[in-house]
>>> print(open('model17.cif').read())   # mmCIF, N, CA, C and O atoms
data_my_file
#
loop_
_atom_site.label_atom_id
_atom_site.label_comp_id
_atom_site.auth_asym_id
_atom_site.auth_seq_id
_atom_site.Cartn_x
_atom_site.Cartn_y
_atom_site.Cartn_z
N MET A 1005 -12.91 164.77 43.61
CA MET A 1005 -13.14 164.75 45.04
C MET A 1005 -14.19 163.68 45.33
O MET A 1005 -15.24 163.64 44.72
N SER A 1006 -13.92 162.83 46.28
CA SER A 1006 -14.84 161.76 46.60
C SER A 1006 -15.98 162.26 47.47
O SER A 1006 -15.90 163.31 48.10
N GLN A 1007 -17.06 161.50 47.51
CA GLN A 1007 -18.22 161.88 48.31
C GLN A 1007 -17.86 161.92 49.80
O GLN A 1007 -18.33 162.77 50.53
N THR A 1008 -17.00 161.01 50.24
CA THR A 1008 -16.59 160.98 51.64
C THR A 1008 -15.88 162.29 52.01
O THR A 1008 -16.15 162.87 53.06
N THR A 1009 -15.01 162.78 51.15
CA THR A 1009 -14.30 164.03 51.42
C THR A 1009 -15.28 165.19 51.49
O THR A 1009 -15.17 166.06 52.35
N GLN A 1010 -16.28 165.22 50.62
CA GLN A 1010 -17.27 166.29 50.63
C GLN A 1010 -18.05 166.29 51.94
O GLN A 1010 -18.31 167.35 52.50
N ILE A 1011 -18.41 165.14 52.43
CA ILE A 1011 -19.16 165.05 53.68
C ILE A 1011 -18.30 165.53 54.85
O ILE A 1011 -18.75 166.26 55.70
N GLU A 1012 -17.03 165.16 54.86
CA GLU A 1012 -16.14 165.57 55.93
C GLU A 1012 -15.92 167.08 55.94
O GLU A 1012 -15.76 167.69 56.98
N ASP A 1013 -15.92 167.71 54.75
CA ASP A 1013 -15.68 169.15 54.63
C ASP A 1013 -16.95 169.98 54.85
O ASP A 1013 -16.86 171.19 54.99
N ALA A 1014 -18.10 169.36 54.88
CA ALA A 1014 -19.36 170.09 54.99
C ALA A 1014 -19.49 170.74 56.37
O ALA A 1014 -19.11 170.16 57.38
N GLN A 1015 -20.03 171.96 56.38
CA GLN A 1015 -20.29 172.66 57.63
C GLN A 1015 -21.57 172.10 58.24
O GLN A 1015 -22.52 171.80 57.52
N PRO A 1016 -21.64 171.99 59.55
CA PRO A 1016 -22.86 171.46 60.18
C PRO A 1016 -24.04 172.41 59.97
O PRO A 1016 -23.87 173.63 59.96
N VAL A 1017 -25.20 171.84 59.82
CA VAL A 1017 -26.43 172.61 59.66
C VAL A 1017 -27.06 172.85 61.02
O VAL A 1017 -27.70 173.86 61.25
N MET A 1018 -26.86 171.91 61.94
CA MET A 1018 -27.40 171.99 63.29
C MET A 1018 -26.27 171.81 64.30
O MET A 1018 -25.31 171.11 64.05
N LEU A 1019 -26.45 172.47 65.45
CA LEU A 1019 -25.44 172.40 66.50
C LEU A 1019 -26.06 171.88 67.79
O LEU A 1019 -27.26 172.07 68.03
N THR A 1020 -25.25 171.26 68.61
CA THR A 1020 -25.69 170.88 69.95
C THR A 1020 -25.79 172.15 70.79
O THR A 1020 -25.30 173.22 70.39
N ILE A 1021 -26.38 172.02 71.95
CA ILE A 1021 -26.49 173.16 72.87
C ILE A 1021 -25.10 173.69 73.21
O ILE A 1021 -24.85 174.90 73.16
N VAL A 1022 -24.18 172.80 73.52
CA VAL A 1022 -22.82 173.20 73.89
C VAL A 1022 -22.13 173.90 72.71
O VAL A 1022 -21.50 174.95 72.89
N GLU A 1023 -22.25 173.34 71.52
CA GLU A 1023 -21.62 173.95 70.34
C GLU A 1023 -22.18 175.33 70.07
O GLU A 1023 -21.43 176.27 69.77
N ALA A 1024 -23.50 175.47 70.15
CA ALA A 1024 -24.15 176.77 69.91
C ALA A 1024 -23.71 177.79 70.95
O ALA A 1024 -23.40 178.94 70.62
N ALA A 1025 -23.65 177.38 72.21
CA ALA A 1025 -23.21 178.28 73.28
C ALA A 1025 -21.77 178.72 73.04
O ALA A 1025 -21.44 179.90 73.21
N GLN A 1026 -20.93 177.80 72.63
CA GLN A 1026 -19.53 178.13 72.36
C GLN A 1026 -19.43 179.13 71.21
O GLN A 1026 -18.64 180.07 71.27
N ARG A 1027 -20.23 178.94 70.18
CA ARG A 1027 -20.20 179.85 69.03
C ARG A 1027 -20.59 181.26 69.43
O ARG A 1027 -20.09 182.23 68.87
N LEU A 1028 -21.51 181.38 70.38
CA LEU A 1028 -21.96 182.69 70.84
C LEU A 1028 -21.11 183.22 72.00
O LEU A 1028 -21.31 184.34 72.45
N SER A 1029 -20.20 182.42 72.48
CA SER A 1029 -19.36 182.77 73.64
C SER A 1029 -20.19 183.07 74.87
O SER A 1029 -19.96 184.04 75.59
N ILE A 1030 -21.19 182.22 75.10
CA ILE A 1030 -22.04 182.32 76.29
C ILE A 1030 -22.11 180.95 76.94
O ILE A 1030 -21.70 179.95 76.35
N GLY A 1031 -22.66 180.89 78.14
CA GLY A 1031 -22.82 179.61 78.82
C GLY A 1031 -24.08 178.89 78.38
O GLY A 1031 -24.98 179.47 77.75
N ARG A 1032 -24.15 177.62 78.73
CA ARG A 1032 -25.33 176.81 78.39
C ARG A 1032 -26.59 177.37 79.03
O ARG A 1032 -27.64 177.40 78.40
N SER A 1033 -26.49 177.80 80.27
CA SER A 1033 -27.66 178.33 80.97
C SER A 1033 -28.24 179.54 80.25
O SER A 1033 -29.45 179.66 80.09
N MET A 1034 -27.37 180.43 79.80
CA MET A 1034 -27.83 181.62 79.06
C MET A 1034 -28.49 181.19 77.75
O MET A 1034 -29.51 181.75 77.36
N LEU A 1035 -27.92 180.20 77.09
CA LEU A 1035 -28.52 179.72 75.84
C LEU A 1035 -29.91 179.15 76.10
O LEU A 1035 -30.85 179.42 75.36
N TYR A 1036 -30.06 178.37 77.17
CA TYR A 1036 -31.37 177.83 77.52
C TYR A 1036 -32.36 178.97 77.80
O TYR A 1036 -33.53 178.90 77.42
N GLU A 1037 -31.92 180.04 78.46
CA GLU A 1037 -32.78 181.18 78.72
C GLU A 1037 -33.21 181.84 77.42
O GLU A 1037 -34.39 182.22 77.27
N LEU A 1038 -32.28 181.99 76.49
CA LEU A 1038 -32.59 182.60 75.19
C LEU A 1038 -33.58 181.73 74.41
O LEU A 1038 -34.48 182.25 73.75
N MET A 1039 -33.44 180.42 74.51
CA MET A 1039 -34.38 179.51 73.83
C MET A 1039 -35.75 179.61 74.49
O MET A 1039 -36.77 179.66 73.80
N ALA A 1040 -35.80 179.64 75.82
CA ALA A 1040 -37.06 179.71 76.54
C ALA A 1040 -37.81 181.00 76.23
O ALA A 1040 -39.05 181.00 76.15
N SER A 1041 -37.08 182.08 76.01
CA SER A 1041 -37.72 183.37 75.72
C SER A 1041 -38.13 183.48 74.25
O SER A 1041 -38.83 184.42 73.88
N GLY A 1042 -37.68 182.54 73.42
CA GLY A 1042 -38.00 182.58 72.00
C GLY A 1042 -37.00 183.37 71.18
O GLY A 1042 -37.18 183.54 69.97
N ALA A 1043 -35.95 183.88 71.81
CA ALA A 1043 -34.95 184.66 71.10
C ALA A 1043 -34.12 183.80 70.14
O ALA A 1043 -33.67 184.29 69.10
N ILE A 1044 -33.94 182.54 70.50
CA ILE A 1044 -33.22 181.60 69.64
C ILE A 1044 -34.09 180.38 69.46
O ILE A 1044 -34.58 179.81 70.45
N GLU A 1045 -34.29 179.99 68.21
CA GLU A 1045 -35.09 178.80 67.92
C GLU A 1045 -34.27 177.53 68.10
O GLU A 1045 -33.06 177.54 67.92
N SER A 1046 -34.97 176.46 68.44
CA SER A 1046 -34.34 175.15 68.49
C SER A 1046 -35.36 174.13 67.97
O SER A 1046 -36.55 174.42 67.89
N VAL A 1047 -34.86 172.98 67.61
CA VAL A 1047 -35.73 171.92 67.12
C VAL A 1047 -35.40 170.63 67.86
O VAL A 1047 -34.28 170.43 68.33
N HIS A 1048 -36.41 169.78 67.97
CA HIS A 1048 -36.21 168.45 68.54
C HIS A 1048 -36.05 167.45 67.40
O HIS A 1048 -36.80 167.49 66.43
N ILE A 1049 -35.09 166.59 67.55
CA ILE A 1049 -34.91 165.46 66.65
C ILE A 1049 -34.92 164.25 67.57
O ILE A 1049 -33.93 163.98 68.25
N GLY A 1050 -36.06 163.60 67.64
CA GLY A 1050 -36.22 162.54 68.64
C GLY A 1050 -36.15 163.19 70.01
O GLY A 1050 -36.87 164.14 70.30
N ARG A 1051 -35.25 162.71 70.84
CA ARG A 1051 -35.07 163.28 72.18
C ARG A 1051 -33.99 164.36 72.21
O ARG A 1051 -33.74 164.96 73.25
N LEU A 1052 -33.35 164.59 71.08
CA LEU A 1052 -32.26 165.56 71.01
C LEU A 1052 -32.78 166.95 70.70
O LEU A 1052 -33.74 167.11 69.95
N ARG A 1053 -32.15 167.96 71.25
CA ARG A 1053 -32.47 169.34 70.92
C ARG A 1053 -31.27 169.90 70.15
O ARG A 1053 -30.13 169.77 70.58
N ARG A 1054 -31.56 170.49 69.00
CA ARG A 1054 -30.51 171.06 68.16
C ARG A 1054 -30.86 172.50 67.80
O ARG A 1054 -32.02 172.87 67.72
N ILE A 1055 -29.82 173.28 67.54
CA ILE A 1055 -29.97 174.67 67.14
C ILE A 1055 -29.52 174.79 65.69
O ILE A 1055 -28.34 174.55 65.39
N PRO A 1056 -30.44 175.17 64.79
CA PRO A 1056 -30.00 175.41 63.41
C PRO A 1056 -29.01 176.58 63.38
O PRO A 1056 -29.21 177.60 64.04
N VAL A 1057 -27.95 176.43 62.61
CA VAL A 1057 -26.91 177.46 62.53
C VAL A 1057 -27.49 178.79 62.11
O VAL A 1057 -27.13 179.83 62.65
N ASP A 1058 -28.43 178.79 61.16
CA ASP A 1058 -28.99 180.05 60.69
C ASP A 1058 -29.78 180.78 61.78
O ASP A 1058 -29.91 182.00 61.75
N CYS A 1059 -30.27 180.06 62.78
CA CYS A 1059 -30.96 180.70 63.90
C CYS A 1059 -30.00 181.52 64.75
O CYS A 1059 -30.37 182.57 65.28
N LEU A 1060 -28.75 181.06 64.86
CA LEU A 1060 -27.75 181.84 65.58
C LEU A 1060 -27.43 183.12 64.81
O LEU A 1060 -27.32 184.20 65.39
N THR A 1061 -27.30 183.00 63.50
CA THR A 1061 -27.03 184.16 62.66
C THR A 1061 -28.17 185.16 62.76
O THR A 1061 -27.94 186.36 62.91
N ASP A 1062 -29.41 184.66 62.70
CA ASP A 1062 -30.58 185.53 62.83
C ASP A 1062 -30.59 186.25 64.18
O ASP A 1062 -30.87 187.45 64.25
N PHE A 1063 -30.28 185.54 65.24
CA PHE A 1063 -30.25 186.13 66.58
C PHE A 1063 -29.22 187.26 66.65
O PHE A 1063 -29.52 188.35 67.14
N VAL A 1064 -28.02 187.01 66.15
CA VAL A 1064 -26.96 188.02 66.19
C VAL A 1064 -27.36 189.23 65.35
O VAL A 1064 -27.19 190.38 65.78
N ASP A 1065 -27.93 188.99 64.18
CA ASP A 1065 -28.36 190.10 63.32
C ASP A 1065 -29.44 190.94 64.01
O ASP A 1065 -29.39 192.17 63.96
N ARG A 1066 -30.41 190.29 64.66
CA ARG A 1066 -31.46 191.02 65.39
C ARG A 1066 -30.87 191.85 66.52
O ARG A 1066 -31.24 193.02 66.70
N ARG A 1067 -29.96 191.25 67.27
CA ARG A 1067 -29.34 191.98 68.39
C ARG A 1067 -28.56 193.19 67.89
O ARG A 1067 -28.62 194.27 68.49
N ARG A 1068 -27.87 193.05 66.77
CA ARG A 1068 -27.11 194.16 66.22
C ARG A 1068 -28.05 195.28 65.78
O ARG A 1068 -27.77 196.46 66.04
N ARG A 1069 -29.15 194.93 65.14
CA ARG A 1069 -30.14 195.94 64.72
C ARG A 1069 -30.71 196.65 65.94
O ARG A 1069 -30.84 197.88 65.95
N GLU A 1070 -31.06 195.88 66.98
CA GLU A 1070 -31.62 196.47 68.19
C GLU A 1070 -30.63 197.42 68.85
O GLU A 1070 -31.01 198.49 69.32
N GLU A 1071 -29.36 197.06 68.86
CA GLU A 1071 -28.34 197.92 69.46
C GLU A 1071 -28.21 199.22 68.68
O GLU A 1071 -28.05 200.29 69.28
N ARG A 1072 -28.26 199.14 67.35
CA ARG A 1072 -28.14 200.34 66.53
C ARG A 1072 -29.34 201.27 66.71
O ARG A 1072 -29.21 202.48 66.59
N GLU A 1073 -30.52 200.68 67.00
CA GLU A 1073 -31.73 201.47 67.12
C GLU A 1073 -31.89 202.12 68.50
O GLU A 1073 -32.74 202.99 68.66
N LEU A 1074 -31.08 201.73 69.47
CA LEU A 1074 -31.18 202.32 70.81
C LEU A 1074 -30.77 203.78 70.78
O LEU A 1074 -29.78 204.14 70.13
N PRO A 1075 -31.53 204.64 71.50
CA PRO A 1075 -31.11 206.04 71.55
C PRO A 1075 -29.81 206.19 72.34
O PRO A 1075 -29.59 205.48 73.32
N ARG A 1076 -29.02 207.10 71.94
CA ARG A 1076 -27.72 207.30 72.59
C ARG A 1076 -27.70 208.56 73.38
O ARG A 1076 -28.25 209.52 73.25
#
>>> encode(input="model17.cif", output="structure tokens")
Amino acid sequence: MSQTTQIEDAQPVMLTIVEAAQRLSIGRSMLYELMASGAIESVHIGRLRRIPVDCLTDFVDRRRREERELPR
């Protein structure tokens, strides 16, 4: 397997705002609110803002734990 093929097959480590919102099935505005509240981390790369993929996973895991802990 060539190095070019490996790069093409690699999963992204960071997502744009639009990509992250699509992965969570929410709108951009909601994603910005979640970032502003600190619920989802983001990083700046120059003037760009990116969301590390593992931050989305962490967010979903936290939300699932919180939902399970709610009294019924």
>>> closest_residue(input="model17.cif", among="A:Leu1060, A:Ala1043, A:Leu1074, A:His1048", to="Leu1028 in chain A", atoms="only N, CA, C and O atoms")
A:Leu1060
>>> closest_residue(input="model17.cif", among="A:Leu1035, A:Ala1014, A:Ile1030, A:Ile1021", to="Leu1052 in chain A", atoms="only C-alpha atoms")
A:Ile1021
>>> select_by_dssp(input="model17.cif", residues="range 1016-1069 of chain A", states="strand (DSSP E)", output="short mmCIF file (atom, residue, chain, number, x, y, z; two decimals) with N, CA, C and O atoms, keeping the file's coordinate frame")
data_model
loop_
_atom_site.label_atom_id
_atom_site.label_comp_id
_atom_site.auth_asym_id
_atom_site.auth_seq_id
_atom_site.Cartn_x
_atom_site.Cartn_y
_atom_site.Cartn_z
N MET A 1018 -26.86 171.91 61.94
CA MET A 1018 -27.40 171.99 63.29
C MET A 1018 -26.27 171.81 64.30
O MET A 1018 -25.31 171.11 64.05
N LEU A 1019 -26.45 172.47 65.45
CA LEU A 1019 -25.44 172.40 66.50
C LEU A 1019 -26.06 171.88 67.79
O LEU A 1019 -27.26 172.07 68.03
N VAL A 1047 -34.86 172.98 67.61
CA VAL A 1047 -35.73 171.92 67.12
C VAL A 1047 -35.40 170.63 67.86
O VAL A 1047 -34.28 170.43 68.33
N HIS A 1048 -36.41 169.78 67.97
CA HIS A 1048 -36.21 168.45 68.54
C HIS A 1048 -36.05 167.45 67.40
O HIS A 1048 -36.80 167.49 66.43
N ILE A 1049 -35.09 166.59 67.55
CA ILE A 1049 -34.91 165.46 66.65
C ILE A 1049 -34.92 164.25 67.57
O ILE A 1049 -33.93 163.98 68.25
N LEU A 1052 -33.35 164.59 71.08
CA LEU A 1052 -32.26 165.56 71.01
C LEU A 1052 -32.78 166.95 70.70
O LEU A 1052 -33.74 167.11 69.95
N ARG A 1053 -32.15 167.96 71.25
CA ARG A 1053 -32.47 169.34 70.92
C ARG A 1053 -31.27 169.90 70.15
O ARG A 1053 -30.13 169.77 70.58
N ARG A 1054 -31.56 170.49 69.00
CA ARG A 1054 -30.51 171.06 68.16
C ARG A 1054 -30.86 172.50 67.80
O ARG A 1054 -32.02 172.87 67.72
N ILE A 1055 -29.82 173.28 67.54
CA ILE A 1055 -29.97 174.67 67.14
C ILE A 1055 -29.52 174.79 65.69
O ILE A 1055 -28.34 174.55 65.39
N PRO A 1056 -30.44 175.17 64.79
CA PRO A 1056 -30.00 175.41 63.41
C PRO A 1056 -29.01 176.58 63.38
O PRO A 1056 -29.21 177.60 64.04
#
>>> atom_distance(input="model17.cif", atom1="atom O of Cys1059 in chain A", atom2="atom C of Tyr1036 in chain A")
13.2 Å
>>> residues_near_point(input="model17.cif", point="(-35.5, 175.1, 71.3)", cutoff="12 Å", atoms="only C-alpha atoms", output="list in words")
Met1018, Leu1019, Thr1020, Ile1021, Ala1024, Leu1035, Tyr1036, Glu1037, Leu1038, Met1039, Ala1040, Ser1041, Gly1042, Ala1043, Ile1044, Glu1045, Ser1046, Val1047, His1048, Ile1049, Arg1051, Leu1052, Arg1053, Arg1054, Ile1055, Pro1056, Cys1059 and Leu1060 of chain A
>>> write_last_selection(input="model17.cif", atoms="N, CA, C and O atoms", output="short mmCIF file (atom, residue, chain, number, x, y, z; two decimals), in the coordinates of the input")
data_model
loop_
_atom_site.label_atom_id
_atom_site.label_comp_id
_atom_site.auth_asym_id
_atom_site.auth_seq_id
_atom_site.Cartn_x
_atom_site.Cartn_y
_atom_site.Cartn_z
N MET A 1018 -26.86 171.91 61.94
CA MET A 1018 -27.40 171.99 63.29
C MET A 1018 -26.27 171.81 64.30
O MET A 1018 -25.31 171.11 64.05
N LEU A 1019 -26.45 172.47 65.45
CA LEU A 1019 -25.44 172.40 66.50
C LEU A 1019 -26.06 171.88 67.79
O LEU A 1019 -27.26 172.07 68.03
N THR A 1020 -25.25 171.26 68.61
CA THR A 1020 -25.69 170.88 69.95
C THR A 1020 -25.79 172.15 70.79
O THR A 1020 -25.30 173.22 70.39
N ILE A 1021 -26.38 172.02 71.95
CA ILE A 1021 -26.49 173.16 72.87
C ILE A 1021 -25.10 173.69 73.21
O ILE A 1021 -24.85 174.90 73.16
N ALA A 1024 -23.50 175.47 70.15
CA ALA A 1024 -24.15 176.77 69.91
C ALA A 1024 -23.71 177.79 70.95
O ALA A 1024 -23.40 178.94 70.62
N LEU A 1035 -27.92 180.20 77.09
CA LEU A 1035 -28.52 179.72 75.84
C LEU A 1035 -29.91 179.15 76.10
O LEU A 1035 -30.85 179.42 75.36
N TYR A 1036 -30.06 178.37 77.17
CA TYR A 1036 -31.37 177.83 77.52
C TYR A 1036 -32.36 178.97 77.80
O TYR A 1036 -33.53 178.90 77.42
N GLU A 1037 -31.92 180.04 78.46
CA GLU A 1037 -32.78 181.18 78.72
C GLU A 1037 -33.21 181.84 77.42
O GLU A 1037 -34.39 182.22 77.27
N LEU A 1038 -32.28 181.99 76.49
CA LEU A 1038 -32.59 182.60 75.19
C LEU A 1038 -33.58 181.73 74.41
O LEU A 1038 -34.48 182.25 73.75
N MET A 1039 -33.44 180.42 74.51
CA MET A 1039 -34.38 179.51 73.83
C MET A 1039 -35.75 179.61 74.49
O MET A 1039 -36.77 179.66 73.80
N ALA A 1040 -35.80 179.64 75.82
CA ALA A 1040 -37.06 179.71 76.54
C ALA A 1040 -37.81 181.00 76.23
O ALA A 1040 -39.05 181.00 76.15
N SER A 1041 -37.08 182.08 76.01
CA SER A 1041 -37.72 183.37 75.72
C SER A 1041 -38.13 183.48 74.25
O SER A 1041 -38.83 184.42 73.88
N GLY A 1042 -37.68 182.54 73.42
CA GLY A 1042 -38.00 182.58 72.00
C GLY A 1042 -37.00 183.37 71.18
O GLY A 1042 -37.18 183.54 69.97
N ALA A 1043 -35.95 183.88 71.81
CA ALA A 1043 -34.95 184.66 71.10
C ALA A 1043 -34.12 183.80 70.14
O ALA A 1043 -33.67 184.29 69.10
N ILE A 1044 -33.94 182.54 70.50
CA ILE A 1044 -33.22 181.60 69.64
C ILE A 1044 -34.09 180.38 69.46
O ILE A 1044 -34.58 179.81 70.45
N GLU A 1045 -34.29 179.99 68.21
CA GLU A 1045 -35.09 178.80 67.92
C GLU A 1045 -34.27 177.53 68.10
O GLU A 1045 -33.06 177.54 67.92
N SER A 1046 -34.97 176.46 68.44
CA SER A 1046 -34.34 175.15 68.49
C SER A 1046 -35.36 174.13 67.97
O SER A 1046 -36.55 174.42 67.89
N VAL A 1047 -34.86 172.98 67.61
CA VAL A 1047 -35.73 171.92 67.12
C VAL A 1047 -35.40 170.63 67.86
O VAL A 1047 -34.28 170.43 68.33
N HIS A 1048 -36.41 169.78 67.97
CA HIS A 1048 -36.21 168.45 68.54
C HIS A 1048 -36.05 167.45 67.40
O HIS A 1048 -36.80 167.49 66.43
N ILE A 1049 -35.09 166.59 67.55
CA ILE A 1049 -34.91 165.46 66.65
C ILE A 1049 -34.92 164.25 67.57
O ILE A 1049 -33.93 163.98 68.25
N ARG A 1051 -35.25 162.71 70.84
CA ARG A 1051 -35.07 163.28 72.18
C ARG A 1051 -33.99 164.36 72.21
O ARG A 1051 -33.74 164.96 73.25
N LEU A 1052 -33.35 164.59 71.08
CA LEU A 1052 -32.26 165.56 71.01
C LEU A 1052 -32.78 166.95 70.70
O LEU A 1052 -33.74 167.11 69.95
N ARG A 1053 -32.15 167.96 71.25
CA ARG A 1053 -32.47 169.34 70.92
C ARG A 1053 -31.27 169.90 70.15
O ARG A 1053 -30.13 169.77 70.58
N ARG A 1054 -31.56 170.49 69.00
CA ARG A 1054 -30.51 171.06 68.16
C ARG A 1054 -30.86 172.50 67.80
O ARG A 1054 -32.02 172.87 67.72
N ILE A 1055 -29.82 173.28 67.54
CA ILE A 1055 -29.97 174.67 67.14
C ILE A 1055 -29.52 174.79 65.69
O ILE A 1055 -28.34 174.55 65.39
N PRO A 1056 -30.44 175.17 64.79
CA PRO A 1056 -30.00 175.41 63.41
C PRO A 1056 -29.01 176.58 63.38
O PRO A 1056 -29.21 177.60 64.04
N CYS A 1059 -30.27 180.06 62.78
CA CYS A 1059 -30.96 180.70 63.90
C CYS A 1059 -30.00 181.52 64.75
O CYS A 1059 -30.37 182.57 65.28
N LEU A 1060 -28.75 181.06 64.86
CA LEU A 1060 -27.75 181.84 65.58
C LEU A 1060 -27.43 183.12 64.81
O LEU A 1060 -27.32 184.20 65.39
#
>>> select_by_dssp(input="model17.cif", residues="chain A", states="alpha helix (DSSP H)", output="PyMOL selection string")
chain A and resi 1007-1013+1021-1028+1032-1041+1057-1073
>>> atom_distance(input="model17.cif", atom1="CA of Arg1066 in chain A", atom2="atom C of Gly1050 in chain A")
28.6 Å
>>> atom_distance(input="model17.cif", atom1="atom O of Val1057 in chain A", atom2="atom C of Arg1027 in chain A")
9.5 Å
